[in-house]
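Trainee: My structure is stored as start33.txt, with compact mmCIF, C-alpha atoms and all ligand atoms.
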```txt
# COMPACT_ATOMS: atom_id res chain seq x y z
CA MET K 37 3.96 8.66 -20.23
CA SER K 38 7.00 6.41 -20.23
CA GLN K 39 6.08 2.92 -19.11
CA THR K 40 9.17 1.08 -20.17
CA HIS K 41 8.87 -2.64 -19.74
CA LYS K 42 6.55 -2.88 -16.80
CA ARG K 43 5.66 -6.49 -16.15
CA ILE K 44 2.00 -7.40 -16.11
CA LEU K 45 0.74 -10.83 -15.20
CA LEU K 46 -2.74 -11.10 -16.68
CA GLY K 47 -4.91 -13.75 -15.04
CA ILE K 48 -7.94 -14.67 -17.15
CA SER K 49 -10.83 -16.42 -15.41
CA GLY K 50 -13.95 -17.87 -16.99
CA GLY K 51 -16.36 -15.30 -18.36
CA ILE K 52 -17.61 -14.09 -21.70
CA ALA K 53 -15.59 -10.86 -21.31
CA ALA K 54 -12.45 -13.00 -21.70
CA TYR K 55 -12.73 -12.37 -25.45
CA LYS K 56 -11.67 -8.75 -24.76
CA CYS K 57 -8.35 -9.92 -23.29
CA ALA K 58 -6.64 -10.16 -26.68
CA GLU K 59 -7.32 -6.46 -27.22
CA LEU K 60 -6.26 -5.70 -23.63
CA VAL K 61 -2.89 -7.40 -24.13
CA ARG K 62 -2.29 -5.64 -27.44
CA ARG K 63 -3.00 -2.23 -25.88
CA LEU K 64 -0.72 -3.00 -22.89
CA LYS K 65 2.04 -3.96 -25.29
CA ASP K 66 1.50 -0.69 -27.19
CA HIS K 67 2.52 0.93 -23.88
CA HIS K 68 5.69 -1.17 -23.71
CA CYS K 69 4.42 -3.54 -21.03
CA ASP K 70 5.68 -7.12 -20.93
CA VAL K 71 2.63 -9.31 -20.49
CA LYS K 72 2.49 -12.93 -19.39
CA VAL K 73 -0.88 -14.65 -19.39
CA VAL K 74 -2.23 -17.24 -16.96
CA MET K 75 -5.58 -18.85 -17.75
CA THR K 76 -7.98 -20.90 -15.65
CA GLU K 77 -9.55 -24.01 -17.16
CA SER K 78 -12.88 -22.22 -17.68
CA ALA K 79 -11.19 -19.20 -19.29
CA LYS K 80 -10.06 -21.53 -22.08
CA GLN K 81 -13.72 -22.13 -22.96
CA PHE K 82 -14.02 -18.45 -23.90
CA ILE K 83 -10.70 -17.63 -25.60
CA THR K 84 -7.92 -19.98 -26.67
CA PRO K 85 -4.45 -20.07 -25.14
CA LEU K 86 -3.12 -19.93 -28.70
CA THR K 87 -4.74 -16.53 -29.27
CA MET K 88 -3.33 -15.22 -26.00
CA GLN K 89 0.10 -16.61 -26.82
CA ALA K 90 0.01 -14.94 -30.22
CA VAL K 91 -0.88 -11.50 -28.84
CA SER K 92 1.41 -11.64 -25.80
CA GLY K 93 4.33 -13.29 -27.57
CA GLU K 94 4.76 -15.53 -24.53
CA PRO K 95 3.68 -19.08 -23.75
CA VAL K 96 0.45 -19.13 -21.73
CA ALA K 97 0.61 -20.79 -18.32
CA ASP K 98 -2.41 -22.78 -17.22
CA SER K 99 -1.24 -25.63 -15.03
CA LEU K 100 0.31 -25.88 -11.62
CA LEU K 101 1.51 -29.38 -12.30
CA ASP K 102 3.24 -28.95 -15.66
CA PRO K 103 6.91 -30.02 -15.30
CA ALA K 104 7.95 -28.30 -18.55
CA ALA K 105 6.38 -24.97 -17.56
CA GLU K 106 7.80 -25.22 -14.03
CA ALA K 107 11.25 -25.87 -15.48
CA ALA K 108 10.99 -22.71 -17.63
CA MET K 109 9.66 -20.40 -14.87
CA GLY K 110 8.36 -21.88 -11.62
CA HIS K 111 5.05 -20.56 -10.33
CA ILE K 112 6.66 -18.77 -7.38
CA GLU K 113 9.13 -17.15 -9.73
CA LEU K 114 6.21 -16.10 -11.95
CA ALA K 115 4.40 -14.64 -8.94
CA LYS K 116 7.50 -12.58 -8.12
CA TRP K 117 8.14 -11.55 -11.74
CA ALA K 118 5.15 -9.22 -12.04
CA ASP K 119 4.95 -5.51 -11.20
CA LEU K 120 1.17 -5.90 -11.22
CA VAL K 121 -1.15 -8.88 -11.35
CA LEU K 122 -4.42 -8.08 -13.10
CA VAL K 123 -7.28 -10.59 -13.01
CA ALA K 124 -9.57 -9.73 -15.92
CA PRO K 125 -12.25 -10.81 -16.22
CA ALA K 126 -12.59 -11.68 -12.53
CA SER K 127 -15.56 -14.01 -12.20
CA SER K 128 -17.62 -14.27 -9.00
CA ASN K 129 -15.99 -17.67 -8.50
CA ILE K 130 -12.40 -16.46 -8.55
CA ILE K 131 -13.33 -13.46 -6.38
CA ALA K 132 -14.80 -15.86 -3.82
CA LYS K 133 -11.70 -18.07 -3.96
CA MET K 134 -9.41 -15.07 -3.51
CA ALA K 135 -11.44 -13.87 -0.52
CA ALA K 136 -11.25 -17.33 1.05
CA GLY K 137 -7.55 -17.80 0.24
CA ILE K 138 -8.19 -20.93 -1.83
CA ALA K 139 -5.29 -22.02 -4.06
CA ASP K 140 -6.55 -24.89 -6.20
CA ASP K 141 -5.10 -24.00 -9.61
CA LEU K 142 -2.21 -22.01 -11.04
CA LEU K 143 -3.90 -18.60 -11.01
CA THR K 144 -5.28 -18.78 -7.47
CA THR K 145 -1.91 -20.10 -6.26
CA LEU K 146 -0.08 -17.20 -7.91
CA LEU K 147 -2.52 -14.77 -6.32
CA LEU K 148 -1.54 -16.04 -2.87
CA ALA K 149 2.15 -16.21 -3.71
CA THR K 150 2.58 -12.78 -5.26
CA PRO K 151 4.07 -9.98 -3.18
CA THR K 152 2.99 -7.36 -5.71
CA THR K 153 -0.07 -5.19 -6.32
CA VAL K 154 -3.15 -7.14 -7.36
CA ALA K 155 -6.05 -5.62 -9.29
CA ILE K 156 -9.27 -7.31 -10.37
CA ALA K 157 -11.78 -6.34 -13.04
CA PRO K 158 -15.04 -8.01 -11.94
CA ALA K 159 -17.31 -9.25 -14.72
CA MET K 160 -20.51 -11.18 -14.11
CA ASN K 161 -24.28 -11.10 -14.30
CA GLN K 162 -25.69 -8.04 -12.48
CA GLN K 163 -27.62 -10.19 -9.98
CA MET K 164 -24.48 -12.18 -9.15
CA TYR K 165 -22.56 -8.93 -8.70
CA ALA K 166 -25.24 -7.51 -6.39
CA HIS K 167 -25.41 -10.70 -4.30
CA LEU K 168 -24.35 -10.11 -0.71
CA ALA K 169 -21.79 -12.91 -0.94
CA THR K 170 -20.02 -11.21 -3.87
CA GLN K 171 -20.23 -7.78 -2.25
CA SER K 172 -18.81 -9.12 0.99
CA ASN K 173 -15.98 -10.89 -0.89
CA LEU K 174 -15.17 -7.67 -2.76
CA SER K 175 -15.08 -5.75 0.54
CA THR K 176 -12.73 -8.33 1.99
CA LEU K 177 -10.41 -8.04 -0.99
CA ALA K 178 -10.53 -4.23 -0.99
CA SER K 179 -9.69 -4.19 2.74
CA ARG K 180 -6.62 -6.32 1.93
CA GLY K 181 -5.45 -3.74 -0.60
CA VAL K 182 -6.66 -5.44 -3.79
CA ALA K 183 -7.65 -2.76 -6.32
CA VAL K 184 -11.17 -3.35 -7.64
CA TRP K 185 -11.58 -1.81 -11.10
CA GLY K 186 -15.20 -1.56 -12.15
CA PRO K 187 -17.45 -3.22 -13.05
CA GLY K 188 -19.20 -0.99 -15.55
CA GLN K 189 -22.91 -0.59 -16.08
CA GLY K 190 -24.96 -1.49 -19.13
CA GLU K 191 -26.35 -4.29 -21.25
CA GLN K 192 -24.91 -7.70 -20.47
CA ALA K 193 -24.19 -10.72 -22.68
CA CYS K 194 -27.05 -12.59 -20.95
CA GLY K 195 -29.54 -9.83 -21.87
CA ASP K 196 -29.77 -8.31 -18.35
CA VAL K 197 -29.04 -4.64 -17.85
CA GLY K 198 -27.11 -3.47 -14.80
CA LYS K 199 -23.75 -3.36 -13.08
CA GLY K 200 -21.41 -6.23 -13.90
CA ARG K 201 -19.75 -5.54 -17.26
CA MET K 202 -15.97 -5.75 -17.35
CA LEU K 203 -14.41 -2.34 -17.97
CA GLU K 204 -13.30 -1.82 -21.56
CA PRO K 205 -9.68 -2.68 -22.44
CA HIS K 206 -8.70 0.99 -22.85
CA GLU K 207 -10.06 1.76 -19.36
CA LEU K 208 -8.14 -1.17 -17.86
CA VAL K 209 -4.96 -0.07 -19.65
CA SER K 210 -5.31 3.43 -18.26
CA LEU K 211 -5.90 2.12 -14.70
CA THR K 212 -2.93 -0.23 -15.07
CA LEU K 213 -0.61 2.56 -16.16
CA ASP K 214 -1.86 4.78 -13.32
CA ALA K 215 -1.32 1.99 -10.80
CA LEU K 216 2.24 1.52 -12.01
CA THR K 217 3.06 5.20 -11.80
CA PRO K 218 4.24 6.04 -8.30
CA GLU K 219 2.18 8.83 -6.73
CA VAL K 220 4.01 12.14 -6.40
CA PRO K 221 4.67 12.36 -2.64
CA LEU K 222 2.62 15.53 -2.27
CA LEU K 223 2.34 14.98 1.49
CA ALA K 224 5.93 13.98 2.26
CA GLY K 225 6.87 15.33 5.68
CA LYS K 226 3.22 16.01 6.59
CA THR K 227 1.21 14.35 9.34
CA VAL K 228 -2.41 13.49 8.67
CA THR K 229 -4.88 12.41 11.35
CA ILE K 230 -8.09 10.73 10.21
CA THR K 231 -11.11 9.58 12.20
CA ALA K 232 -13.01 6.60 10.77
CA GLY K 233 -15.88 4.27 11.51
CA PRO K 234 -18.70 4.60 14.02
CA THR K 235 -18.62 5.36 17.73
CA ARG K 236 -20.37 3.17 20.30
CA GLU K 237 -22.21 4.81 23.16
CA ALA K 238 -22.75 2.31 25.94
CA LEU K 239 -26.14 2.05 27.65
CA ASP K 240 -25.20 -0.78 30.00
CA PRO K 241 -22.56 -3.56 29.97
CA VAL K 242 -24.17 -5.29 26.96
CA ARG K 243 -25.91 -2.61 24.90
CA TYR K 244 -24.86 0.46 22.97
CA ILE K 245 -26.09 3.07 20.48
CA SER K 246 -24.17 3.16 17.19
CA ASN K 247 -24.63 3.53 13.42
CA HIS K 248 -23.89 1.76 10.13
CA SER K 249 -20.47 3.25 9.38
CA SER K 250 -18.07 0.50 8.27
CA GLY K 251 -14.91 2.63 8.29
CA LYS K 252 -14.31 1.95 4.57
CA MET K 253 -14.23 5.63 3.55
CA GLY K 254 -11.92 6.63 6.42
CA TYR K 255 -9.59 3.68 5.86
CA ALA K 256 -9.43 4.52 2.14
CA LEU K 257 -8.44 8.09 3.07
CA ALA K 258 -5.68 6.72 5.30
CA GLU K 259 -4.43 4.55 2.43
CA ALA K 260 -4.48 7.53 0.05
CA ALA K 261 -2.60 9.78 2.49
CA LEU K 262 0.03 7.06 2.93
CA ALA K 263 0.34 6.72 -0.84
CA LEU K 264 1.07 10.45 -1.02
CA GLY K 265 3.88 10.08 1.50
CA ALA K 266 2.21 11.31 4.70
CA GLN K 267 2.66 9.99 8.20
CA VAL K 268 -0.86 8.85 9.09
CA HIS K 269 -2.69 8.49 12.40
CA LEU K 270 -5.95 6.60 12.04
CA ILE K 271 -8.35 7.05 14.97
CA SER K 272 -10.73 4.21 14.40
CA GLY K 273 -14.06 3.36 15.93
CA PRO K 274 -14.94 -0.36 16.12
CA VAL K 275 -14.78 -1.82 12.60
CA THR K 276 -13.81 -5.15 11.06
CA LEU K 277 -11.34 -3.80 8.47
CA THR K 278 -7.61 -4.44 8.26
CA PRO K 279 -5.86 -1.07 8.58
CA PRO K 280 -3.59 0.01 5.73
CA GLN K 281 0.01 -0.96 6.34
CA GLY K 282 2.15 1.88 7.59
CA CYS K 283 -0.37 3.95 9.51
CA GLU K 284 -0.54 4.26 13.26
CA VAL K 285 -3.92 3.01 14.45
CA HIS K 286 -5.58 4.35 17.59
CA ALA K 287 -8.56 2.15 18.37
CA VAL K 288 -11.35 3.92 20.26
CA SER K 289 -14.95 3.12 21.08
CA SER K 290 -17.01 6.09 22.29
CA ALA K 291 -17.19 9.68 21.07
CA LEU K 292 -15.50 10.79 24.29
CA ASP K 293 -12.57 8.39 23.62
CA MET K 294 -12.36 9.63 20.02
CA HIS K 295 -12.46 13.26 21.19
CA GLN K 296 -9.64 12.70 23.66
CA MET K 297 -7.41 11.01 21.06
CA ALA K 298 -8.23 13.64 18.40
CA MET K 299 -7.35 16.52 20.73
CA LYS K 300 -4.06 14.78 21.58
CA LEU K 301 -3.02 14.22 17.95
CA ALA K 302 -4.51 17.25 16.15
CA PRO K 303 -2.01 19.89 17.33
CA ASP K 304 0.85 17.82 15.87
CA SER K 305 -1.00 17.25 12.58
CA ASP K 306 -0.89 19.26 9.37
CA ILE K 307 -4.24 17.87 8.23
CA PHE K 308 -7.19 16.53 10.23
CA ILE K 309 -9.96 14.65 8.41
CA GLY K 310 -13.12 13.78 10.36
CA CYS K 311 -14.69 10.92 8.44
CA ALA K 312 -16.06 9.10 11.49
CA ALA K 313 -19.80 8.91 12.05
CA VAL K 314 -19.67 10.21 15.61
CA ALA K 315 -22.75 9.80 17.79
CA ASP K 316 -24.11 13.24 18.58
CA TYR K 317 -25.48 12.02 21.93
CA ARG K 318 -24.55 9.47 24.60
CA ALA K 319 -26.44 8.03 27.56
CA ALA K 320 -26.54 10.44 30.50
CA ASP K 321 -25.74 7.49 32.78
CA ILE K 322 -24.31 4.12 31.79
CA ALA K 323 -26.06 1.47 33.92
CA GLU K 324 -23.59 -0.65 35.85
CA GLN K 325 -25.74 -3.77 35.44
CA LYS K 326 -27.79 -4.96 32.45
CA ILE K 327 -30.98 -2.88 32.28
CA LYS K 328 -34.02 -5.03 33.03
CA LYS K 329 -37.15 -5.02 30.91
CA GLN K 330 -39.74 -2.73 32.48
CA GLY K 331 -43.19 -2.26 30.95
CA ASP K 332 -44.03 -1.47 27.31
CA ALA K 333 -41.94 1.64 26.88
CA MET K 334 -38.76 3.06 28.27
CA THR K 335 -37.16 6.47 28.13
CA LEU K 336 -33.45 7.05 27.73
CA THR K 337 -31.90 10.33 28.71
CA LEU K 338 -29.14 11.33 26.32
CA VAL K 339 -26.64 14.12 26.64
CA LYS K 340 -24.70 15.85 23.88
CA ASN K 341 -21.25 14.58 22.92
CA PRO K 342 -18.46 17.06 22.23
CA ASP K 343 -18.18 18.04 18.58
CA ILE K 344 -14.75 16.62 17.82
CA ILE K 345 -14.09 18.32 14.51
CA ALA K 346 -15.41 21.68 15.68
CA ASP K 347 -13.02 21.51 18.65
CA VAL K 348 -10.11 20.68 16.34
CA ALA K 349 -11.04 23.53 13.99
CA ALA K 350 -11.22 25.90 16.99
CA LEU K 351 -7.62 25.19 18.09
CA LYS K 352 -5.84 28.49 18.48
CA ALA K 353 -2.28 27.19 18.26
CA HIS K 354 -1.10 24.47 15.82
CA ARG K 355 -4.47 24.23 14.10
CA PRO K 356 -4.38 21.63 11.27
CA TYR K 357 -6.13 22.10 7.93
CA THR K 358 -9.48 20.69 9.00
CA VAL K 359 -11.76 18.67 6.73
CA GLY K 360 -15.14 17.27 7.74
CA PHE K 361 -17.59 14.91 6.11
CA ALA K 362 -21.33 15.50 5.98
CA ALA K 363 -23.68 12.54 5.76
CA GLU K 364 -27.01 13.94 4.59
CA THR K 365 -30.29 12.47 3.40
CA GLN K 366 -31.84 15.70 2.03
CA ASP K 367 -30.79 19.23 1.00
CA VAL K 368 -27.24 17.89 0.90
CA ALA K 369 -25.46 21.03 -0.32
CA GLN K 370 -27.32 23.35 2.05
CA TYR K 371 -26.71 21.25 5.18
CA ALA K 372 -23.09 20.53 4.24
CA GLN K 373 -22.32 24.20 3.69
CA GLY K 374 -24.00 24.98 7.03
CA LYS K 375 -21.67 22.49 8.77
CA LEU K 376 -18.64 23.90 6.94
CA LYS K 377 -19.44 27.32 8.40
CA ASN K 378 -20.80 26.41 11.84
CA LYS K 379 -17.99 23.99 12.66
CA GLY K 380 -15.32 26.39 11.33
CA LEU K 381 -13.93 23.86 8.81
CA ASP K 382 -11.65 24.48 5.84
CA MET K 383 -13.38 21.91 3.65
CA ILE K 384 -16.34 19.53 3.86
CA CYS K 385 -17.02 16.42 1.78
CA ALA K 386 -20.76 15.85 1.45
CA ASN K 387 -22.33 12.50 0.66
CA ASP K 388 -25.98 11.78 0.06
CA VAL K 389 -26.46 8.73 2.27
CA SER K 390 -30.08 8.29 1.19
CA GLN K 391 -28.90 6.88 -2.17
CA ALA K 392 -28.64 3.10 -2.46
CA GLY K 393 -25.17 1.73 -3.14
CA ILE K 394 -23.18 4.66 -1.74
CA GLY K 395 -22.38 6.12 1.67
CA PHE K 396 -22.63 3.93 4.75
CA ASN K 397 -21.08 0.48 4.38
CA ALA K 398 -20.93 0.57 0.55
CA ASN K 399 -17.76 0.06 -1.49
CA ASP K 400 -18.58 3.09 -3.65
CA ASN K 401 -19.44 6.68 -2.90
CA ALA K 402 -20.08 10.03 -4.59
CA LEU K 403 -19.00 13.28 -2.96
CA THR K 404 -19.25 17.02 -3.34
CA LEU K 405 -16.39 18.98 -1.81
CA PHE K 406 -17.14 22.48 -0.52
CA TRP K 407 -14.52 25.02 0.57
CA ASP K 408 -14.48 28.84 0.69
CA ASN K 409 -17.04 29.70 -1.95
CA ALA K 410 -16.08 26.88 -4.27
CA GLN K 411 -17.25 23.33 -4.81
CA GLN K 412 -16.23 20.21 -6.77
CA SER K 413 -18.40 17.20 -7.56
CA LEU K 414 -16.79 13.77 -7.54
CA PRO K 415 -19.12 11.32 -9.28
CA LEU K 416 -19.76 7.70 -8.30
CA ALA K 417 -16.49 5.78 -7.89
CA SER K 418 -14.88 3.35 -5.49
CA LYS K 419 -14.05 4.79 -2.07
CA SER K 420 -10.34 4.20 -2.84
CA GLU K 421 -10.48 6.28 -6.01
CA LEU K 422 -12.45 9.05 -4.31
CA ALA K 423 -10.15 9.07 -1.30
CA LEU K 424 -7.12 9.68 -3.52
CA THR K 425 -8.87 12.57 -5.26
CA VAL K 426 -9.97 14.07 -1.93
CA VAL K 427 -6.52 13.81 -0.37
CA LYS K 428 -4.90 15.30 -3.50
CA ALA K 429 -7.41 18.16 -3.38
CA ILE K 430 -6.52 18.78 0.29
CA ALA K 431 -2.78 18.61 -0.47
CA GLY K 432 -3.33 21.24 -3.16
CA LYS K 433 -4.80 23.62 -0.56
CA LEU K 434 -1.74 23.39 1.74
CA ASN K 435 0.78 24.80 -0.71
O1 LIG K 501 -17.69 4.31 7.10
P1 LIG K 501 -18.36 4.05 5.78
O2 LIG K 501 -19.31 2.88 5.84
O3 LIG K 501 -17.37 3.94 4.66
O4 LIG K 501 -19.30 5.30 5.45
C1 LIG K 501 -18.71 6.54 5.19
C2 LIG K 501 -19.50 7.67 5.83
C3 LIG K 501 -20.87 7.78 5.20
C4 LIG K 501 -19.64 7.43 7.36
C5 LIG K 501 -18.64 8.97 5.60
O5 LIG K 501 -18.53 9.19 4.22
C6 LIG K 501 -19.27 10.19 6.26
O6 LIG K 501 -20.13 10.86 5.73
N1 LIG K 501 -18.81 10.51 7.51
C7 LIG K 501 -19.38 11.54 8.36
C8 LIG K 501 -20.62 11.00 9.00
C9 LIG K 501 -21.26 11.99 9.94
O7 LIG K 501 -21.33 11.72 11.11
O8 LIG K 501 -21.64 13.09 9.42
P2 LIG K 501 -22.31 14.32 10.24
O9 LIG K 501 -22.92 15.12 9.18
O10 LIG K 501 -23.18 13.79 11.32
O11 LIG K 501 -21.07 15.05 10.91
C10 LIG K 501 -20.40 16.12 10.26
C11 LIG K 501 -18.94 16.12 10.64
O12 LIG K 501 -18.80 16.35 12.06
C12 LIG K 501 -18.22 14.82 10.36
O13 LIG K 501 -16.91 15.16 9.91
C13 LIG K 501 -18.16 14.12 11.70
O14 LIG K 501 -17.01 13.27 11.82
C14 LIG K 501 -18.05 15.32 12.64
N2 LIG K 501 -18.58 15.12 13.99
C15 LIG K 501 -19.91 14.89 14.18
C16 LIG K 501 -20.41 14.80 15.45
C17 LIG K 501 -19.52 14.91 16.56
N3 LIG K 501 -19.96 14.80 17.80
N4 LIG K 501 -18.21 15.11 16.33
C18 LIG K 501 -17.74 15.23 15.08
O15 LIG K 501 -16.53 15.40 14.89
```
As structure tokens, please, write out the structure in this file.
Mentor:
Amino acid sequence: MSQTHKRILLGISGGIAAYKCAELVRRLKDHHCDVKVVMTESAKQFITPLTMQAVSGEPVADSLLDPAAEAAMGHIELAKWADLVLVAPASSNIIAKMAAGIADDLLTTLLLATPTTVAIAPAMNQQMYAHLATQSNLSTLASRGVAVWGPGQGEQACGDVGKGRMLEPHELVSLTLDALTPEVPLLAGKTVTITAGPTREALDPVRYISNHSSGKMGYALAEAALALGAQVHLISGPVTLTPPQGCEVHAVSSALDMHQMAMKLAPDSDIFIGCAAVADYRAADIAEQKIKKQGDAMTLTLVKNPDIIADVAALKAHRPYTVGFAAETQDVAQYAQGKLKNKGLDMICANDVSQAGIGFNANDNALTLFWDNAQQSLPLASKSELALTVVKAIAGKLN
């Protein structure tokens, strides 16, 4: 692949994996990338600026308040210079600062000032990685379009075993080159409608029935479809994510709202993807006033919601290529294939939501795609990576 003189700004934060950065820079340079290195104060405890200068062939920047460095290339200029900013290793500290928008040194300032793609390669102790604070910060960054590469699994420098190792330099190089290669616009001229997130079924003015869907998978699909050149309608249940730039968002709450919007948009769509976790039932009557406590038990009468994706798949005229998701906790393949057939879908993406760390509200997922009599397993990966693979697989079926 030709990667002539792509400009990579490598931000090194404090972590033992920083020692791998010399190798990372050498491999990037093998692929004709120009690399400039910015180091935090703690990064310098793990690898010297001199080493990084020697391998990159460029002076290392480490201070916001260095008149000589500012005279050579000001920090805003540096932020604009890069085609990609890669923070590797990305410690829990810098991830937290990025999520909070803190700019208290050169690297964090550049990260706020750069208009370009930012990727991070988390590296930390497995317990720190699993901590809710880190997970929530990573979700925030992912929802802002920051690419999160890794971490990998295995033995750690501290002796623990688990998820938290920085990806190896060759893996980071390959992800960098992929990120710098524009996607082939496989869906140029196509319209894709995607449902995402949960629905809320009101019981009274203050209560509702819902589920744990965060919208992450559906939003990642929208981002992937945009990257492949599609015009994207995102019908979103109530979530806290920032929608990808460039898609048209249709905010809905209940399954009935989602159904109405889907039936409006589907006939003008080439592809319809139902990723939303739609409530199968809603309250037969929504109380006008807050329901009062009465005795030790209460009975709710629920009625069936319309099956949105089945109605889209049943369209006689202007039927889009229709893809469902199946969230299963047992006999995943069997139930998913049943839904593929019973709902009249072209493809279904099954996820086993009983597994910890994937499915509802996680940043990662694992899917099996079923269509006709074929299937394809997509192993554990970030929802962004999986979404791109799914959308490419769908695009392949259209032509
Ligand atoms: O949002 P995240 O936190 O990222 O989590 C992602 C996810 C787990 C929600 C997603 O990957 C997923 O599996 N979505 C489908 C969840 C679901 O409701 O599955 P289901 O097996 O109940 O429904 C099967 C299909 O029918 C789905 O495409 C669903 O959108 C659709 N459906 C279901 C009921 C209904 N009344 N109308 C529908 O269109």
Trainee: My list of candidates is K:Gly395, K:Pro241, K:Gly47, K:Pro85. Which is closest to K:Leu147 when distances are computed with only C-alpha atoms?
Mentor: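 Of K:Gly395, K:Pro241, K:Gly47, K:Pro85, the one nearest K:Leu147, counting only C-alpha atoms, is K:Gly47.
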Trainee: Pick the closest to K:Lys42 from K:Asp70, K:Asp367, K:Glu59, K:Asp408: which is it, counting all atoms listed in the file?
Mentor: K:Asp70
Trainee: So which residues touch stretch 275-292 of chain K within 10 Å, counting all atoms listed in the file, skipping near sequence neighbours fewer than 5 positions away, as a VMD selection string?
Mentor: chain K and resid 175 to 176 178 to 181 228 to 238 244 to 246 249 to 252 255 to 263 266 to 270 297 to 298 312 to 318 341 to 344
Trainee: If you keep C-alpha atoms, can you produce a file of those selected residues as an mmCIF file, in the coordinates of the input?
Mentor:
```cif
data_model
loop_
_atom_site.group_PDB
_atom_site.id
_atom_site.type_symbol
_atom_site.label_atom_id
_atom_site.label_comp_id
_atom_site.auth_asym_id
_atom_site.auth_seq_id
_atom_site.Cartn_x
_atom_site.Cartn_y
_atom_site.Cartn_z
ATOM 1 C CA SER K 175 -15.080 -5.750 0.540
ATOM 2 C CA THR K 176 -12.730 -8.330 1.990
ATOM 3 C CA ALA K 178 -10.530 -4.230 -0.990
ATOM 4 C CA SER K 179 -9.690 -4.190 2.740
ATOM 5 C CA ARG K 180 -6.620 -6.320 1.930
ATOM 6 C CA GLY K 181 -5.450 -3.740 -0.600
ATOM 7 C CA VAL K 228 -2.410 13.490 8.670
ATOM 8 C CA THR K 229 -4.880 12.410 11.350
ATOM 9 C CA ILE K 230 -8.090 10.730 10.210
ATOM 10 C CA THR K 231 -11.110 9.580 12.200
ATOM 11 C CA ALA K 232 -13.010 6.600 10.770
ATOM 12 C CA GLY K 233 -15.880 4.270 11.510
ATOM 13 C CA PRO K 234 -18.700 4.600 14.020
ATOM 14 C CA THR K 235 -18.620 5.360 17.730
ATOM 15 C CA ARG K 236 -20.370 3.170 20.300
ATOM 16 C CA GLU K 237 -22.210 4.810 23.160
ATOM 17 C CA ALA K 238 -22.750 2.310 25.940
ATOM 18 C CA TYR K 244 -24.860 0.460 22.970
ATOM 19 C CA ILE K 245 -26.090 3.070 20.480
ATOM 20 C CA SER K 246 -24.170 3.160 17.190
ATOM 21 C CA SER K 249 -20.470 3.250 9.380
ATOM 22 C CA SER K 250 -18.070 0.500 8.270
ATOM 23 C CA GLY K 251 -14.910 2.630 8.290
ATOM 24 C CA LYS K 252 -14.310 1.950 4.570
ATOM 25 C CA TYR K 255 -9.590 3.680 5.860
ATOM 26 C CA ALA K 256 -9.430 4.520 2.140
ATOM 27 C CA LEU K 257 -8.440 8.090 3.070
ATOM 28 C CA ALA K 258 -5.680 6.720 5.300
ATOM 29 C CA GLU K 259 -4.430 4.550 2.430
ATOM 30 C CA ALA K 260 -4.480 7.530 0.050
ATOM 31 C CA ALA K 261 -2.600 9.780 2.490
ATOM 32 C CA LEU K 262 0.030 7.060 2.930
ATOM 33 C CA ALA K 263 0.340 6.720 -0.840
ATOM 34 C CA ALA K 266 2.210 11.310 4.700
ATOM 35 C CA GLN K 267 2.660 9.990 8.200
ATOM 36 C CA VAL K 268 -0.860 8.850 9.090
ATOM 37 C CA HIS K 269 -2.690 8.490 12.400
ATOM 38 C CA LEU K 270 -5.950 6.600 12.040
ATOM 39 C CA MET K 297 -7.410 11.010 21.060
ATOM 40 C CA ALA K 298 -8.230 13.640 18.400
ATOM 41 C CA ALA K 312 -16.060 9.100 11.490
ATOM 42 C CA ALA K 313 -19.800 8.910 12.050
ATOM 43 C CA VAL K 314 -19.670 10.210 15.610
ATOM 44 C CA ALA K 315 -22.750 9.800 17.790
ATOM 45 C CA ASP K 316 -24.110 13.240 18.580
ATOM 46 C CA TYR K 317 -25.480 12.020 21.930
ATOM 47 C CA ARG K 318 -24.550 9.470 24.600
ATOM 48 C CA ASN K 341 -21.250 14.580 22.920
ATOM 49 C CA PRO K 342 -18.460 17.060 22.230
ATOM 50 C CA ASP K 343 -18.180 18.040 18.580
ATOM 51 C CA ILE K 344 -14.750 16.620 17.820
#
```
Trainee: Could you give me, as a count of residues only, the residues within 9 Å of K:Gln171, counting all atoms listed in the file and dropping anything in the same chain fewer than 6 positions from it?
Mentor: 3
Trainee: Kindly provide, as a list of chain:residue names, the polymer residues lying within 7 Å of (-17.4, 12.7, -6.6), counting all atoms listed in the file and using the coordinates exactly as they appear in the file.
Mentor: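 Output of the proximity query reads K:Ala402, K:Leu403, K:Thr404, K:Ser413, K:Leu414, K:Pro415, K:Leu416, K:Leu422.
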Trainee: Using all atoms listed in the file, which of the listed residues (K:Met253, K:Pro303, K:His354, K:Thr425) sits closest to ligand LIG 501 (chain K)?
Mentor: K:Met253
Trainee: Here is a test: counting only C-alpha atoms, which residue of K:Thr170, K:Thr84, K:Thr227, K:Thr150 is nearest to K:Pro356?
Mentor: K:Thr227
Trainee: Excluding same-chain residues fewer than 4 positions from K:Gly360, what lies within 9 Å of it counting only C-alpha atoms, as a PyMOL selection string?
Mentor: chain K and resi 308-311+345+375-376+379+381-386
Trainee: What separation in Å, quoted to one decimal, exists between atom CA of K:Val184 and atom CA of K:Trp407?
Mentor: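 Between these atoms lies a distance of 29.7 Å.
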Trainee: Of the candidates K:Gly254, K:Ala319, K:Arg355, K:Leu434, which shows the shortest atom-to-atom distance to ligand LIG 501 (chain K), using only C-alpha atoms and all ligand atoms?
Mentor: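 Closest to ligand LIG 501 (chain K), using only C-alpha atoms and all ligand atoms: K:Gly254.
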Trainee: Residues at most 7 Å from K:Asn173, counting only C-alpha atoms, excluding those fewer than 5 positions away in the same chain, as an NGL selection string?
Mentor: :K and (131-132 or 135)
